[in-house]
Amino acid sequence: MDIRLDGIGHSYDDFEVMRDISLDISSGQIVCIVGPSGCGKSTLLRFIGGLERPRQGRVLQLGEPPKSCLNPLTYIFQDFALLPWRSVSGNISLVLEDHGIKGPVAKEIIADVLARTKLTDFAKALPKQLSGGMKQRVAIARALAVNPAVMLMDEPLSALDSQTRELLMDDLIELWTRRPFTAVYVTHNLAEAVRLGHRVVVLSRRPGQIREVVNIDKPLAAREFGDADLEKTQKYLWQLMRDEARAADAELLHG
Amino acid sequence: MDDSGKSVAFRGGGFAPKSRRWVGVVVFVTLVLFIELGTRAGWISSLSLPRPSDVFETFRQLYDSGLLFKHLGPSLSRLTVGAIIGASVGISVGILIGLFSYVRSGLVPLVAAIFPIPKIALLPLFVIWFGIGEGSKYALIAFGTFTPTVVATYGAVDNVDRTLIRMGQSFGLSWWSIVRKIVLPGAMPGILSGLRISLAIAIILLVAAEMLGAEYGIGAYILEAGSLYDLERLFAGVVILSLLGVLVSGIIGMAERRLLGWRT
Ligand SMILES: Nc1ncnc2c1ncn2[C@@H]1O[C@H](COP(=O)(O)OP(=O)(O)OP(=O)(O)O)[C@@H](O)[C@H]1O
Ligand SMILES: [Mg+2]
């Protein structure tokens, strides 16, 4: 299943947030969206997932999601969004229960996703007993449980320290290599974008428009922390963004 | 290494009250002993306060004669029925107010208008509506528990983390699942602390309800003692009410420990 954004534009009251965004997200690809603060990245992701409606343009699903897919468009949130009153496995069964998956079938799915995110030992723990990185792994496990066609991630690693972030990026790459998934990955961290993105979409400052789409051909599994060619791409992205970010900052200051 | 420095002063304690059961008992026993001593020594006149040992004696007689349970039985059933009706309707209405704009706009002003009415003043009205029997007593207690429960509940629903609700929607959970599995547990801390207040109000109203046309009941017992200026019996009745309050608060504390163990 592919996703097509067709001329998306939006404003809150008179406040224009984004303008004429068209983009194809094809199956099995990770598309990273970067851009200065306030340019509408989170808003765009809410449009893609159907949590909000854009004023102009349409979000289209091309083709049917696979049959095994319970929730085609699935989010991973920056602040994890785990239910604090449910254990790790309870949080995952939450999203299965509504699809009528209970008992041994649910148990099997939960055990599988917990194993894939290396959380098997923590199935019974409550969120308050977990570290930030583990919480985000639970959120990833929960997303994997519904077999999404497209994962929508809004700065999933921003709340974590840089070591945990590196480890989780490796985890994500490993997950993708074993079974490629489609993802839209919003971030303000260019290092994440060049590690995880097959394509990096650079948005301009508000109203957000696509400034450039950068393709990175190097396979995900071959990318490593501090790769020279990745650094070069990262530098190039930063050049694209720097002036935008500076201008966006000045606008925030002067209202 | 030079260890002439002084250690940094600790300033991180406090603001995390823990339960120290025995402290409550000590305070209570000290107070009773103080009054007992005062009344025995004479610096508290026996007209102003009854001697605790006499109150205890009265209480024992009440127990021995079997009258205690004759009074306690009807009171407990009134309290239970009234409070359950009031609290469950209150929680349901509170959740509806928390979830639907029209219900909120329609009912919040109404609840605000009903809240400050002393429910005791409406007792005659309830007697006309529901008769002099149990019905009017249930109604009074239910009505009195209802308003604080509604206010606490919709406040608690308003405070449920919206990102959790968005999460539920993004996974395609049904409306009913979101209410049952996200809104209700998320609002539970607020609902339970609201119940602490509502149930104390229910006990207050229990006495008020029983002051009118009840043969048995703790309220009736206290009223009778009061009209005879029989302070020992009056206090014996009051002690029963206090114990009831402690019991209710203990039950809610248990519910909190069971249901809210997930809180940090
Ligand atoms: N519900 C809303 N009502 C009004 N304005 C909003 C709303 N949501 C977002 N905005 C505005 O739209 C703009 C884009 O917001 P958005 O959260 O999408 O930015 P972002 O690119 O995700 O920023 P960041 O990098 O800081 O997360 C912001 O200026 C914000 O103030
Ligand atoms: Mg954002």
# chains A, B, ... in the order shown; residues from 1 in each chain; ligands from 1

$ interface_residues --of "chain B" --to "chain A" --cutoff "8 Å" --atoms "only C-alpha atoms" --output "VMD selection string"
chain B and resid 163 to 164 166 to 174 177 182 185 260 to 264

$ residues_around --residues "Ile92 in chain A" --least-positions-apart "6" --cutoff "8 Å" --atoms "only C-alpha atoms" --output "list in words"
Ile110, Val138, Ala141, Arg142 and Ala145 of chain A

$ write_last_selection --atoms "C-alpha atoms" --output "PDB file, in the first residue's frame"
ATOM      1  CA  ILE A 110       2.416 -10.404  22.136  1.00  0.00           C
ATOM      2  CA  VAL A 138       7.044  -1.062  24.187  1.00  0.00           C
ATOM      3  CA  ALA A 141       6.142  -3.450  19.990  1.00  0.00           C
ATOM      4  CA  ARG A 142       2.554  -2.251  20.273  1.00  0.00           C
ATOM      5  CA  ALA A 145       1.446  -6.031  16.954  1.00  0.00           C
TER       6      ALA A 145
END

$ closest_atom_pairs --of "chain A" --to "ligand 1" --cutoff "6 Å" --atoms "only C-alpha atoms and all ligand atoms" --output "CSV"
residue,atom,partner,partner_atom_place_in_ligand_line,distance
A:Tyr12,CA,ligand 1,4 (C),5.1
A:Val17,CA,ligand 1,12 (O),5.2
A:Ser37,CA,ligand 1,25 (O),3.6
A:Gly38,CA,ligand 1,23 (O),3.5
A:Cys39,CA,ligand 1,21 (O),4.0
A:Gly40,CA,ligand 1,18 (O),3.1
A:Lys41,CA,ligand 1,21 (O),3.7
A:Ser42,CA,ligand 1,22 (O),3.7
A:Thr43,CA,ligand 1,18 (O),3.7

$ atom_distance --atom1 "CA of Asp112 in chain A" --atom2 "CA of Asn91 in chain A"
14.5 Å

$ residues_around --residues "Ala187 in chain B" --least-positions-apart "6" --cutoff "7 Å" --atoms "only C-alpha atoms" --output "PDB file with C-alpha atoms, in the first residue's frame"
ATOM      1  CA  ALA B 156     -11.371  14.050  36.461  1.00  0.00           C
ATOM      2  CA  VAL B 157     -12.443  13.245  32.891  1.00  0.00           C
ATOM      3  CA  VAL B 160      -7.382  12.525  31.402  1.00  0.00           C
TER       4      VAL B 160
END

$ residues_around --residues "range 133-140 of chain B" --least-positions-apart "4" --cutoff "10 Å" --atoms "only C-alpha atoms" --output "MDAnalysis selection string"
chainID B and resid 74:75 77:86 119:129 144:146 202 205:210 212:214

$ select_by_dssp --residues "range 228-263 of chain B" --states "helix (DSSP H, G or I)" --output "ChimeraX atom specification"
/B:231-259
